[in-house]
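Everything below concerns the one structure shown next.
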Amino acid sequence: MRVRRLLVVAGALMLLSPVPALAADRPGTGQPGEYRPVRGPSAPAEHRFLQKAVRGDTIPRHAHDLAAAQAERIPAVGARWRSIGPTNVGGRVVSLALDPRRPDTVYAAAAGGGLWRSTDAGRTFAPAWPDDATQAMGAVATAGDGTLYVGTGEPNPGGGSVTYEGTGVHRSTDGGTTWRHVGLRDSGAVGAIAIDPANPDRLFVAATGSLYSPGGDRGVYLSTDAGGRWQRVLDVPNEFTGAVDVQIDPADPQRVYAVLWDHRRTPVKRTYGGEGSGVYRSVDGGLTWQRLAGGLPPAGPDVGRIGLGVSTSEPGRLYAIVSSTAGPFAGFYASADAGDRWTRLPEPDVLKSSQSSFGWWFGKVWVDPDDARHVHVAGVALLTTHDGGGTWTADDTSTHVDHHAMVWDRRHPARVYLGNDGGVYRSDADGDGGWTKAEHEPWTQFYSVAITPQDVTRVSGGTQDNGSLRSWGGPAFNEYLGGDGEENIINPRAEDNVFACYQYGNCFRSTDGGTTMAFLTPATTAERRNWFTPVQFDPSNPDVLYYGGNRLNRSADNGVTWTPISPDLTGGPGQDTYPYGTITTVAAAPSDPRTIWVGTDDGRVWLTRDLGATWAKVLDGQPWVTRVAVSDHDPATAYVTLSGYRSGSGLPHVLMTRSAGTRWADISGNLPSAPVNDIVLGRAGQLYAATDQGVFVGNTLATGHWLRLGHGLPRVAVDDIEYDGRHHRLVAATFGRGIYETVVP
């Protein structure tokens, strides 16, 4: 993620140029006066996982796919959805592949945005994957005859997403126009696909497995008939070990390397390493395997994710980067004899620090096919050595940070493509600088969206690892606040009055459309603030705002000064920091500004009818409360949405009260069994619900009956929706496909 330097000028904090990034998992961004939590979500992965899981439970096997099937059975009504950008920002790319038969054609697998194809050497990308299939990608590979394979489900466990599991391996013989499922549905995630360059029907798949549930399809699988049948050729030593990489030695297709990795996410902790982690080799085409030692770390509980690089120009030369189970760097190794013996190489600070505290987010080594001593390593920065690991340089300014994929195009001397959390880049200098960013890559992951009825073209939103973006102030979407973008709101009566936040409630206000931003958080009172901290206008007076930490703060002067108007409305931080004990949603009643509803991450809903003088707890014992929406006409009528995949239980996702919380009705009805992230009220009693499986429309009178809203919205989580009654439109922030809008009745 990138951050921006701040300068105090005339009482305002002025945004200057982007500066080198800080790690996505590192609390805060080093800005002056920022809030850094002592207890709370340590990363977006913590925030989203614990929001999507019911407290004390994990995310059930196939939860996403089963909910998607439920959503598909619900009839769709309304107009088509339309993508409104951004096209120039991009987002996390986990794998890249080149088409061997079509020059300048490159495929990019976006973590939560499907597969994309460029036919102009990475300048622009178009969809190569169906919108109605899972958008969670793990790996892409092309065979010598042009056959395309995709492994679904992201293997990287964190970085702003709960890891959405996939549906196995898919094959296309027409460049991504049509697809066929070819197996390994229970693989959870796929770390890599390796295809024999001499036999396009022979391929290996590294099945990573579910991050949350044991068993399933794990290990290395071999198919000799283009995915028709699969044989597990490398089993795993325990139920949470998976294969995260597999590579065929370019000098000898009978020699195959694989990396196994122990990794598990439970409701209270993550364990990203263990006895099962290690490097394996087969010398008989994958029939038998040997765990490599000879200087590599022995099997043990502290061995984390390992990245492996295989040389083309110098047969037998290998490189490996090892992280510890806790996450930090644990060693860089080289072998000159195909892995029999390994030498631990020098470890300068620039190499060690590149993995920050989360080496499990990277685990990649890429060797120049023409120079075995020229190596790139994935990290927060891109690390490069020209002497086989003797010395290193780091590049954290030429491209976005947090790197995951690289591929050389042998048709063009020195051309290489790079995939990271900012999208796709191309270099014609072997990756040693000269990077050009793709111009059209519409797969940004949004947490929030903001609109204004004053100008339908004015849209902003908070994004995973790409800051807060706005549609104005430049020829395309541009970043106006760094960090992980969180809450964004626009004054409905004054479009240049905007607010934006980065993680942990570090929020800013502006009266010039975001050109200058004033830091407001120090004026608020809270002991705890969530990763995504809610900030909302009073709908009857936008000079009044609310900010939720563990206490509710109110401003009557457009966010300049703040006063706490509640006690701690949570049960406090729980064991292992969850629940965090923070407010997650705030809603002032449009018809009565003295009535305010509040929801929390520990499943409580509170109500005040006297502007905070007294508070009543009207709901308790629920999962994470994602949103409260209040009737335009009756302050006692409210709708509450709840997160969490439910393991088949009948717990509600949407509740309604017409009695100020005295009685509640479950109106989840036929909604898919998936987290509901937002709810807004439209005209004529319409209700719009944003879920992990799209947007649905219901009615305040026909409670519990929902229809899928619109046509053409990809199967991707929708985190936030905004309703514009003046122009009859709904705008949706998707977590992987940018921002969409549709016309509503």
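Just so we're on the same page: first chain in the structure tokens is A, next is B, and so on; residues restart at 1 for each chain, and ligands are numbered from 1 in the order they show up.
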Spatial neighbours of stretch 111-119 of chain A, 6 Å, only C-alpha atoms, chain gap at least 3 places, as a count of residues only: 21
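Excluding A:Thr691 itself and any same-chain residue fewer than 3 positions from it, the protein and nucleic acid residues within 9 Å of it, counting only C-alpha atoms, are Ser643, Leu671, Pro672, Ala674, Pro675, Val676, Asn677, Asp678, Gly694, Val695, Phe696, Val716, Ala717, Val718, Asp719 and Asp720 of chain A.
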Report as a PyMOL selection string all protein, DNA and RNA residues lying within 6 Å of stretch 501-505 of chain A, evaluated on only C-alpha atoms, omitting residues in the same chain fewer than 2 positions from it. chain A and resi 483-487+507+529-531+533
Skipping near chain neighbours, those fewer than 6 positions away, what residues fall within 6 Å of stretch 459-467 of chain A using only C-alpha atoms, listed as a compact mmCIF listing (two decimals) with all heavy atoms, in the first residue's frame?
```txt
# COMPACT_ATOMS: atom_id res chain seq x y z
N MET A 1 0.82 -1.17 0.00
CA MET A 1 0.00 0.00 0.00
C MET A 1 0.86 1.23 0.00
O MET A 1 1.95 1.24 0.56
CB MET A 1 -0.93 -0.05 1.20
CG MET A 1 -0.66 0.91 2.32
SD MET A 1 -1.74 0.61 3.68
CE MET A 1 -0.51 0.21 4.87
N GLY A 160 -6.60 -7.90 3.09
CA GLY A 160 -7.83 -7.21 2.77
C GLY A 160 -8.95 -8.10 2.38
O GLY A 160 -10.07 -7.65 2.26
N GLN A 445 -10.56 -3.58 -5.69
CA GLN A 445 -11.35 -4.05 -4.55
C GLN A 445 -11.76 -2.85 -3.70
O GLN A 445 -10.92 -2.17 -3.11
CB GLN A 445 -10.53 -5.04 -3.72
CG GLN A 445 -10.21 -6.33 -4.46
CD GLN A 445 -9.32 -7.26 -3.66
OE1 GLN A 445 -8.34 -6.81 -3.06
NE2 GLN A 445 -9.63 -8.54 -3.66
N PHE A 446 -13.07 -2.61 -3.62
CA PHE A 446 -13.60 -1.47 -2.88
C PHE A 446 -14.24 -1.92 -1.57
O PHE A 446 -14.98 -2.90 -1.51
CB PHE A 446 -14.65 -0.74 -3.71
CG PHE A 446 -14.08 0.28 -4.64
CD1 PHE A 446 -13.67 -0.08 -5.91
CD2 PHE A 446 -13.95 1.61 -4.27
CE1 PHE A 446 -13.14 0.86 -6.79
CE2 PHE A 446 -13.42 2.56 -5.12
CZ PHE A 446 -13.01 2.19 -6.39
N TYR A 447 -13.95 -1.14 -0.51
CA TYR A 447 -14.64 -1.29 0.76
C TYR A 447 -15.88 -0.40 0.84
O TYR A 447 -16.82 -0.71 1.57
CB TYR A 447 -13.73 -0.88 1.92
CG TYR A 447 -12.55 -1.76 2.19
CD1 TYR A 447 -11.25 -1.24 2.20
CD2 TYR A 447 -12.71 -3.10 2.51
CE1 TYR A 447 -10.16 -2.03 2.49
CE2 TYR A 447 -11.61 -3.90 2.80
CZ TYR A 447 -10.34 -3.36 2.79
OH TYR A 447 -9.26 -4.15 3.08
N SER A 448 -15.85 0.74 0.15
CA SER A 448 -16.93 1.72 0.30
C SER A 448 -17.08 2.53 -0.97
O SER A 448 -16.17 2.56 -1.82
CB SER A 448 -16.61 2.67 1.47
OG SER A 448 -15.47 3.48 1.16
N VAL A 449 -18.22 3.20 -1.10
CA VAL A 449 -18.46 4.11 -2.21
C VAL A 449 -19.26 5.29 -1.70
O VAL A 449 -20.06 5.16 -0.76
CB VAL A 449 -19.20 3.40 -3.37
CG1 VAL A 449 -20.61 2.98 -2.96
CG2 VAL A 449 -19.23 4.27 -4.62
N ALA A 450 -19.03 6.46 -2.30
CA ALA A 450 -19.76 7.68 -1.95
C ALA A 450 -20.21 8.37 -3.22
O ALA A 450 -19.46 8.40 -4.21
CB ALA A 450 -18.89 8.62 -1.11
N ILE A 451 -21.42 8.90 -3.21
CA ILE A 451 -21.97 9.62 -4.36
C ILE A 451 -22.64 10.89 -3.87
O ILE A 451 -22.79 11.12 -2.67
CB ILE A 451 -22.99 8.75 -5.13
CG1 ILE A 451 -24.18 8.38 -4.22
CG2 ILE A 451 -22.33 7.49 -5.67
CD1 ILE A 451 -25.30 7.65 -4.94
N LEU A 481 -6.25 10.17 -0.83
CA LEU A 481 -5.78 9.86 0.51
C LEU A 481 -5.20 8.46 0.46
O LEU A 481 -5.77 7.56 -0.16
CB LEU A 481 -6.91 9.93 1.54
CG LEU A 481 -6.47 9.76 3.00
CD1 LEU A 481 -5.60 10.92 3.46
CD2 LEU A 481 -7.68 9.60 3.92
N GLY A 482 -4.06 8.26 1.12
CA GLY A 482 -3.35 6.99 1.00
C GLY A 482 -3.82 5.94 1.98
O GLY A 482 -4.91 6.02 2.56
N GLY A 483 -2.98 4.93 2.18
CA GLY A 483 -3.30 3.82 3.06
C GLY A 483 -4.27 2.86 2.40
O GLY A 483 -4.45 2.82 1.19
N ASP A 484 -4.90 2.03 3.23
CA ASP A 484 -6.05 1.26 2.77
C ASP A 484 -7.26 2.17 2.89
O ASP A 484 -7.63 2.58 4.00
CB ASP A 484 -6.25 0.01 3.62
CG ASP A 484 -5.29 -1.11 3.24
OD1 ASP A 484 -5.44 -1.65 2.14
OD2 ASP A 484 -4.40 -1.42 4.04
N GLY A 485 -7.88 2.51 1.78
CA GLY A 485 -9.02 3.43 1.82
C GLY A 485 -10.19 2.79 2.54
O GLY A 485 -10.53 1.64 2.29
N GLU A 486 -10.81 3.53 3.42
CA GLU A 486 -11.95 3.00 4.18
C GLU A 486 -13.18 3.88 3.91
O GLU A 486 -13.57 4.05 2.77
CB GLU A 486 -11.59 2.93 5.67
CG GLU A 486 -10.29 2.18 5.96
CD GLU A 486 -10.33 0.69 5.64
OE1 GLU A 486 -11.44 0.11 5.56
OE2 GLU A 486 -9.26 0.10 5.46
N ASN A 488 -15.66 6.67 2.91
CA ASN A 488 -15.69 7.88 2.09
C ASN A 488 -17.12 8.40 2.09
O ASN A 488 -18.06 7.62 1.90
CB ASN A 488 -15.29 7.59 0.64
CG ASN A 488 -13.80 7.60 0.38
OD1 ASN A 488 -13.31 8.24 -0.54
ND2 ASN A 488 -13.05 6.88 1.20
```
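Close contacts of stretch 327-333 of chain A, defined as residues with an atom at most 7 Å away when counting only C-alpha atoms, with chain neighbours fewer than 4 positions off set aside, comprise Tyr319, Ala320, Ile321, Val322, Ser323, Trp342, Thr343, Arg344, Leu345, Lys352, Gln355, Ser356, Ser357, Phe358, Gly359 and Trp360 of chain A.
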What's the 12 Å shell around A:Ala588, counting only C-alpha atoms, without same-chain residues fewer than 5 positions away, as a VMD selection string? chain A and resid 535 to 542 544 to 547 552 554 593 to 599 606 to 612 628 to 632 634 to 638
Selection from above, N, CA, C and O atoms, as a compact mmCIF listing (two decimals), in the first residue's frame, can you write it?
```txt
# COMPACT_ATOMS: atom_id res chain seq x y z
N VAL A 535 -18.18 6.77 9.58
CA VAL A 535 -18.39 8.21 9.67
C VAL A 535 -19.61 8.52 8.81
O VAL A 535 -19.65 8.13 7.64
N GLN A 536 -20.60 9.21 9.39
CA GLN A 536 -21.85 9.44 8.66
C GLN A 536 -22.39 10.84 8.92
O GLN A 536 -22.23 11.40 10.00
N PHE A 537 -23.05 11.39 7.88
CA PHE A 537 -23.78 12.64 8.04
C PHE A 537 -25.11 12.38 8.72
O PHE A 537 -25.71 11.31 8.57
N ASP A 538 -25.61 13.39 9.44
CA ASP A 538 -27.01 13.41 9.82
C ASP A 538 -27.81 13.72 8.56
O ASP A 538 -27.56 14.75 7.90
N PRO A 539 -28.74 12.87 8.15
CA PRO A 539 -29.43 13.09 6.88
C PRO A 539 -30.25 14.37 6.82
O PRO A 539 -30.57 14.86 5.73
N SER A 540 -30.59 14.95 7.97
CA SER A 540 -31.36 16.19 7.96
C SER A 540 -30.49 17.43 8.03
O SER A 540 -30.96 18.54 7.79
N ASN A 541 -29.20 17.25 8.34
CA ASN A 541 -28.29 18.39 8.44
C ASN A 541 -26.86 17.91 8.26
O ASN A 541 -26.24 17.41 9.20
N PRO A 542 -26.29 18.05 7.05
CA PRO A 542 -24.95 17.50 6.82
C PRO A 542 -23.82 18.23 7.54
O PRO A 542 -22.67 17.79 7.45
N VAL A 544 -23.85 18.21 10.62
CA VAL A 544 -23.77 17.31 11.78
C VAL A 544 -23.26 15.96 11.29
O VAL A 544 -23.79 15.39 10.33
N LEU A 545 -22.21 15.46 11.95
CA LEU A 545 -21.64 14.16 11.59
C LEU A 545 -21.47 13.30 12.83
O LEU A 545 -21.38 13.80 13.95
N TYR A 546 -21.39 12.00 12.58
CA TYR A 546 -21.17 11.02 13.64
C TYR A 546 -19.96 10.15 13.29
O TYR A 546 -19.76 9.80 12.12
N TYR A 547 -19.19 9.81 14.31
CA TYR A 547 -17.96 9.03 14.16
C TYR A 547 -17.97 7.98 15.26
O TYR A 547 -18.13 8.31 16.44
N LEU A 552 -19.64 6.87 20.63
CA LEU A 552 -20.13 7.64 19.49
C LEU A 552 -19.76 9.10 19.69
O LEU A 552 -20.03 9.69 20.74
N ARG A 554 -19.99 13.11 18.10
CA ARG A 554 -20.85 13.96 17.28
C ARG A 554 -20.15 15.29 17.02
O ARG A 554 -19.51 15.86 17.91
N PRO A 593 -33.87 14.06 14.27
CA PRO A 593 -32.42 14.10 14.44
C PRO A 593 -31.96 13.74 15.86
O PRO A 593 -30.77 13.54 16.07
N ARG A 594 -32.89 13.64 16.81
CA ARG A 594 -32.50 13.24 18.16
C ARG A 594 -32.44 11.72 18.32
O ARG A 594 -31.94 11.22 19.33
N THR A 595 -32.92 11.00 17.30
CA THR A 595 -32.91 9.54 17.35
C THR A 595 -31.74 9.01 16.54
O THR A 595 -31.60 9.31 15.35
N ILE A 596 -30.90 8.20 17.19
CA ILE A 596 -29.71 7.65 16.54
C ILE A 596 -29.62 6.17 16.88
O ILE A 596 -29.79 5.77 18.04
N TRP A 597 -29.33 5.38 15.86
CA TRP A 597 -29.13 3.94 16.01
C TRP A 597 -27.64 3.63 15.80
O TRP A 597 -26.98 4.22 14.95
N VAL A 598 -27.13 2.66 16.57
CA VAL A 598 -25.72 2.27 16.50
C VAL A 598 -25.62 0.74 16.54
O VAL A 598 -26.32 0.09 17.33
N GLY A 599 -24.76 0.17 15.69
CA GLY A 599 -24.46 -1.26 15.75
C GLY A 599 -22.99 -1.48 16.02
O GLY A 599 -22.14 -0.62 15.72
N TRP A 606 -27.85 -0.37 19.59
CA TRP A 606 -28.24 0.62 20.60
C TRP A 606 -29.10 1.71 19.97
O TRP A 606 -28.98 1.99 18.78
N LEU A 607 -29.91 2.34 20.82
CA LEU A 607 -30.82 3.40 20.36
C LEU A 607 -30.85 4.50 21.40
O LEU A 607 -30.98 4.25 22.60
N THR A 608 -30.73 5.74 20.92
CA THR A 608 -31.00 6.91 21.76
C THR A 608 -32.10 7.72 21.11
O THR A 608 -32.13 7.89 19.89
N ARG A 609 -33.02 8.22 21.93
CA ARG A 609 -34.11 9.08 21.43
C ARG A 609 -33.92 10.52 21.88
O ARG A 609 -34.77 11.37 21.59
N ASP A 610 -32.80 10.78 22.59
CA ASP A 610 -32.58 12.12 23.15
C ASP A 610 -31.15 12.61 22.88
O ASP A 610 -30.52 13.22 23.72
N LEU A 611 -30.64 12.30 21.71
CA LEU A 611 -29.35 12.77 21.24
C LEU A 611 -28.20 12.35 22.16
O LEU A 611 -27.24 13.07 22.37
N GLY A 612 -28.34 11.15 22.71
CA GLY A 612 -27.24 10.59 23.47
C GLY A 612 -27.31 10.77 24.96
O GLY A 612 -26.43 10.27 25.67
N VAL A 628 -27.17 -0.43 10.01
CA VAL A 628 -28.52 -0.09 10.46
C VAL A 628 -29.04 0.98 9.53
O VAL A 628 -28.35 1.97 9.25
N ALA A 629 -30.25 0.78 9.00
CA ALA A 629 -30.91 1.78 8.17
C ALA A 629 -32.25 2.12 8.82
O ALA A 629 -32.96 1.23 9.31
N VAL A 630 -32.58 3.41 8.83
CA VAL A 630 -33.77 3.89 9.53
C VAL A 630 -34.78 4.42 8.52
O VAL A 630 -34.40 5.09 7.54
N SER A 631 -36.03 4.15 8.76
CA SER A 631 -37.10 4.64 7.90
C SER A 631 -37.05 6.16 7.77
O SER A 631 -36.75 6.87 8.73
N ASP A 632 -37.37 6.65 6.57
CA ASP A 632 -37.40 8.10 6.34
C ASP A 632 -38.51 8.77 7.13
O ASP A 632 -38.44 9.98 7.41
N ASP A 634 -40.38 7.18 10.00
CA ASP A 634 -40.66 6.69 11.34
C ASP A 634 -39.35 6.33 12.03
O ASP A 634 -38.72 5.33 11.68
N PRO A 635 -38.92 7.10 13.02
CA PRO A 635 -37.63 6.83 13.67
C PRO A 635 -37.62 5.52 14.46
O PRO A 635 -36.55 5.05 14.85
N ALA A 636 -38.78 4.93 14.69
CA ALA A 636 -38.85 3.66 15.42
C ALA A 636 -38.74 2.45 14.51
O ALA A 636 -38.67 1.32 15.00
N THR A 637 -38.73 2.67 13.20
CA THR A 637 -38.61 1.58 12.24
C THR A 637 -37.19 1.53 11.70
O THR A 637 -36.70 2.52 11.15
N ALA A 638 -36.57 0.39 11.89
CA ALA A 638 -35.18 0.26 11.47
C ALA A 638 -34.92 -1.14 10.94
O ALA A 638 -35.64 -2.10 11.26
```
Just the strand (DSSP E or B) stuff from stretch 88-168 of chain A, please, per backbone DSSP, written as a PyMOL selection string. chain A and resi 93-98+106-110+114-118+124+126-127+137-142+148-152
Selection from above, N, CA and C atoms, as an mmCIF file, in the first residue's frame, can you write it?
```cif
data_model
loop_
_atom_site.group_PDB
_atom_site.id
_atom_site.type_symbol
_atom_site.label_atom_id
_atom_site.label_comp_id
_atom_site.auth_asym_id
_atom_site.auth_seq_id
_atom_site.Cartn_x
_atom_site.Cartn_y
_atom_site.Cartn_z
ATOM 1 N N VAL A 93 -3.060 -8.758 -8.379
ATOM 2 C CA VAL A 93 -2.908 -9.784 -9.404
ATOM 3 C C VAL A 93 -2.064 -10.902 -8.811
ATOM 4 N N VAL A 94 -2.568 -12.141 -8.880
ATOM 5 C CA VAL A 94 -1.898 -13.252 -8.218
ATOM 6 C C VAL A 94 -1.144 -14.166 -9.178
ATOM 7 N N SER A 95 -1.431 -14.067 -10.496
ATOM 8 C CA SER A 95 -0.766 -14.958 -11.443
ATOM 9 C C SER A 95 -0.828 -14.354 -12.832
ATOM 10 N N LEU A 96 0.186 -14.652 -13.650
ATOM 11 C CA LEU A 96 0.273 -14.164 -15.021
ATOM 12 C C LEU A 96 0.673 -15.318 -15.944
ATOM 13 N N ALA A 97 0.219 -15.252 -17.196
ATOM 14 C CA ALA A 97 0.616 -16.253 -18.192
ATOM 15 C C ALA A 97 0.586 -15.613 -19.567
ATOM 16 N N LEU A 98 1.442 -16.119 -20.463
ATOM 17 C CA LEU A 98 1.510 -15.636 -21.838
ATOM 18 C C LEU A 98 0.885 -16.660 -22.776
ATOM 19 N N VAL A 106 -1.317 -11.522 -23.001
ATOM 20 C CA VAL A 106 -0.977 -11.885 -21.628
ATOM 21 C C VAL A 106 -2.266 -12.012 -20.834
ATOM 22 N N TYR A 107 -2.304 -12.999 -19.954
ATOM 23 C CA TYR A 107 -3.456 -13.234 -19.084
ATOM 24 C C TYR A 107 -3.090 -12.856 -17.653
ATOM 25 N N ALA A 108 -4.021 -12.186 -16.979
ATOM 26 C CA ALA A 108 -3.810 -11.754 -15.598
ATOM 27 C C ALA A 108 -4.950 -12.280 -14.739
ATOM 28 N N ALA A 109 -4.605 -12.990 -13.675
ATOM 29 C CA ALA A 109 -5.590 -13.493 -12.725
ATOM 30 C C ALA A 109 -5.670 -12.525 -11.557
ATOM 31 N N ALA A 110 -6.807 -11.839 -11.437
ATOM 32 C CA ALA A 110 -7.027 -10.885 -10.351
ATOM 33 C C ALA A 110 -7.593 -11.624 -9.145
ATOM 34 N N GLY A 114 -11.535 -12.221 -11.211
ATOM 35 C CA GLY A 114 -11.596 -13.062 -12.395
ATOM 36 C C GLY A 114 -10.332 -13.009 -13.239
ATOM 37 N N LEU A 115 -10.427 -13.554 -14.454
ATOM 38 C CA LEU A 115 -9.299 -13.613 -15.378
ATOM 39 C C LEU A 115 -9.477 -12.581 -16.481
ATOM 40 N N TRP A 116 -8.348 -11.950 -16.867
ATOM 41 C CA TRP A 116 -8.377 -10.882 -17.865
ATOM 42 C C TRP A 116 -7.323 -11.158 -18.934
ATOM 43 N N ARG A 117 -7.605 -10.678 -20.148
ATOM 44 C CA ARG A 117 -6.702 -10.898 -21.285
ATOM 45 C C ARG A 117 -6.339 -9.565 -21.923
ATOM 46 N N SER A 118 -5.033 -9.403 -22.188
ATOM 47 C CA SER A 118 -4.543 -8.249 -22.936
ATOM 48 C C SER A 118 -3.977 -8.739 -24.259
ATOM 49 N N THR A 124 -3.982 -2.747 -22.150
ATOM 50 C CA THR A 124 -5.385 -2.800 -21.759
ATOM 51 C C THR A 124 -5.802 -4.254 -21.593
ATOM 52 N N ALA A 126 -9.221 -7.031 -21.114
ATOM 53 C CA ALA A 126 -10.639 -7.312 -21.285
ATOM 54 C C ALA A 126 -10.963 -8.622 -20.575
ATOM 55 N N PRO A 127 -12.224 -8.825 -20.158
ATOM 56 C CA PRO A 127 -12.564 -10.048 -19.430
ATOM 57 C C PRO A 127 -12.319 -11.302 -20.266
ATOM 58 N N MET A 137 -9.465 -15.990 -7.915
ATOM 59 C CA MET A 137 -8.440 -16.608 -8.745
ATOM 60 C C MET A 137 -7.226 -17.022 -7.915
ATOM 61 N N GLY A 138 -6.575 -18.132 -8.361
ATOM 62 C CA GLY A 138 -5.348 -18.566 -7.719
ATOM 63 C C GLY A 138 -4.181 -18.673 -8.673
ATOM 64 N N ALA A 139 -4.407 -19.245 -9.881
ATOM 65 C CA ALA A 139 -3.309 -19.451 -10.824
ATOM 66 C C ALA A 139 -3.858 -19.534 -12.238
ATOM 67 N N VAL A 140 -3.029 -19.122 -13.204
ATOM 68 C CA VAL A 140 -3.352 -19.250 -14.624
ATOM 69 C C VAL A 140 -2.109 -19.772 -15.334
ATOM 70 N N ALA A 141 -2.323 -20.637 -16.333
ATOM 71 C CA ALA A 141 -1.203 -21.189 -17.108
ATOM 72 C C ALA A 141 -1.691 -21.529 -18.505
ATOM 73 N N THR A 142 -0.774 -21.454 -19.477
ATOM 74 C CA THR A 142 -1.110 -21.798 -20.855
ATOM 75 C C THR A 142 -0.241 -22.967 -21.316
ATOM 76 N N LEU A 148 -5.799 -23.020 -22.186
ATOM 77 C CA LEU A 148 -5.690 -22.144 -21.021
ATOM 78 C C LEU A 148 -6.286 -22.853 -19.813
ATOM 79 N N TYR A 149 -5.561 -22.804 -18.692
ATOM 80 C CA TYR A 149 -6.043 -23.401 -17.445
ATOM 81 C C TYR A 149 -6.068 -22.332 -16.357
ATOM 82 N N VAL A 150 -7.112 -22.416 -15.534
ATOM 83 C CA VAL A 150 -7.230 -21.531 -14.381
ATOM 84 C C VAL A 150 -7.514 -22.374 -13.152
ATOM 85 N N GLY A 151 -6.782 -22.090 -12.079
ATOM 86 C CA GLY A 151 -7.078 -22.659 -10.776
ATOM 87 C C GLY A 151 -7.711 -21.590 -9.917
ATOM 88 N N THR A 152 -8.881 -21.850 -9.363
ATOM 89 C CA THR A 152 -9.636 -20.832 -8.639
ATOM 90 C C THR A 152 -9.397 -20.937 -7.136
#
```
Hey, what's within 12 Å of A:Leu287 if we count only C-alpha atoms and toss same-chain stuff fewer than 6 positions away? As a PyMOL selection string, please? chain A and resi 204+220-223+231-235+254-256+281
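Atom to atom, atom CA of A:His47 and atom CA of A:Asp568 stand 20.2 Å apart.
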Could you check how far atom CA of A:Gly285 sits from atom CA of A:Arg101, in Å to one decimal? 25.8 Å
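Distance annotation: of A:Asn491, A:Asn420, A:Ser172, A:Ser427, the residue with the minimal separation from A:Ala121 is A:Ser427; atom set is only C-alpha atoms.
Distances here use only C-alpha atoms; by that measure, the residue among A:Lys364, A:Arg264, A:Arg61, A:His440 closest to A:Leu418 is A:Lys364.
Minimum atom-to-atom distance to A:Pro745, evaluated using only C-alpha atoms, belongs to A:Gly78 out of A:Gly78, A:Gly219, A:Gly56, A:Pro369.
Coordinates place atom CA of A:Trp366 at a distance of 15.9 Å from atom CA of A:Ala338.
The shortest atom-to-atom distance to A:Lys437, with only C-alpha atoms taken into account, belongs to A:His400 out of A:His412, A:Arg185, A:His386, A:His400.
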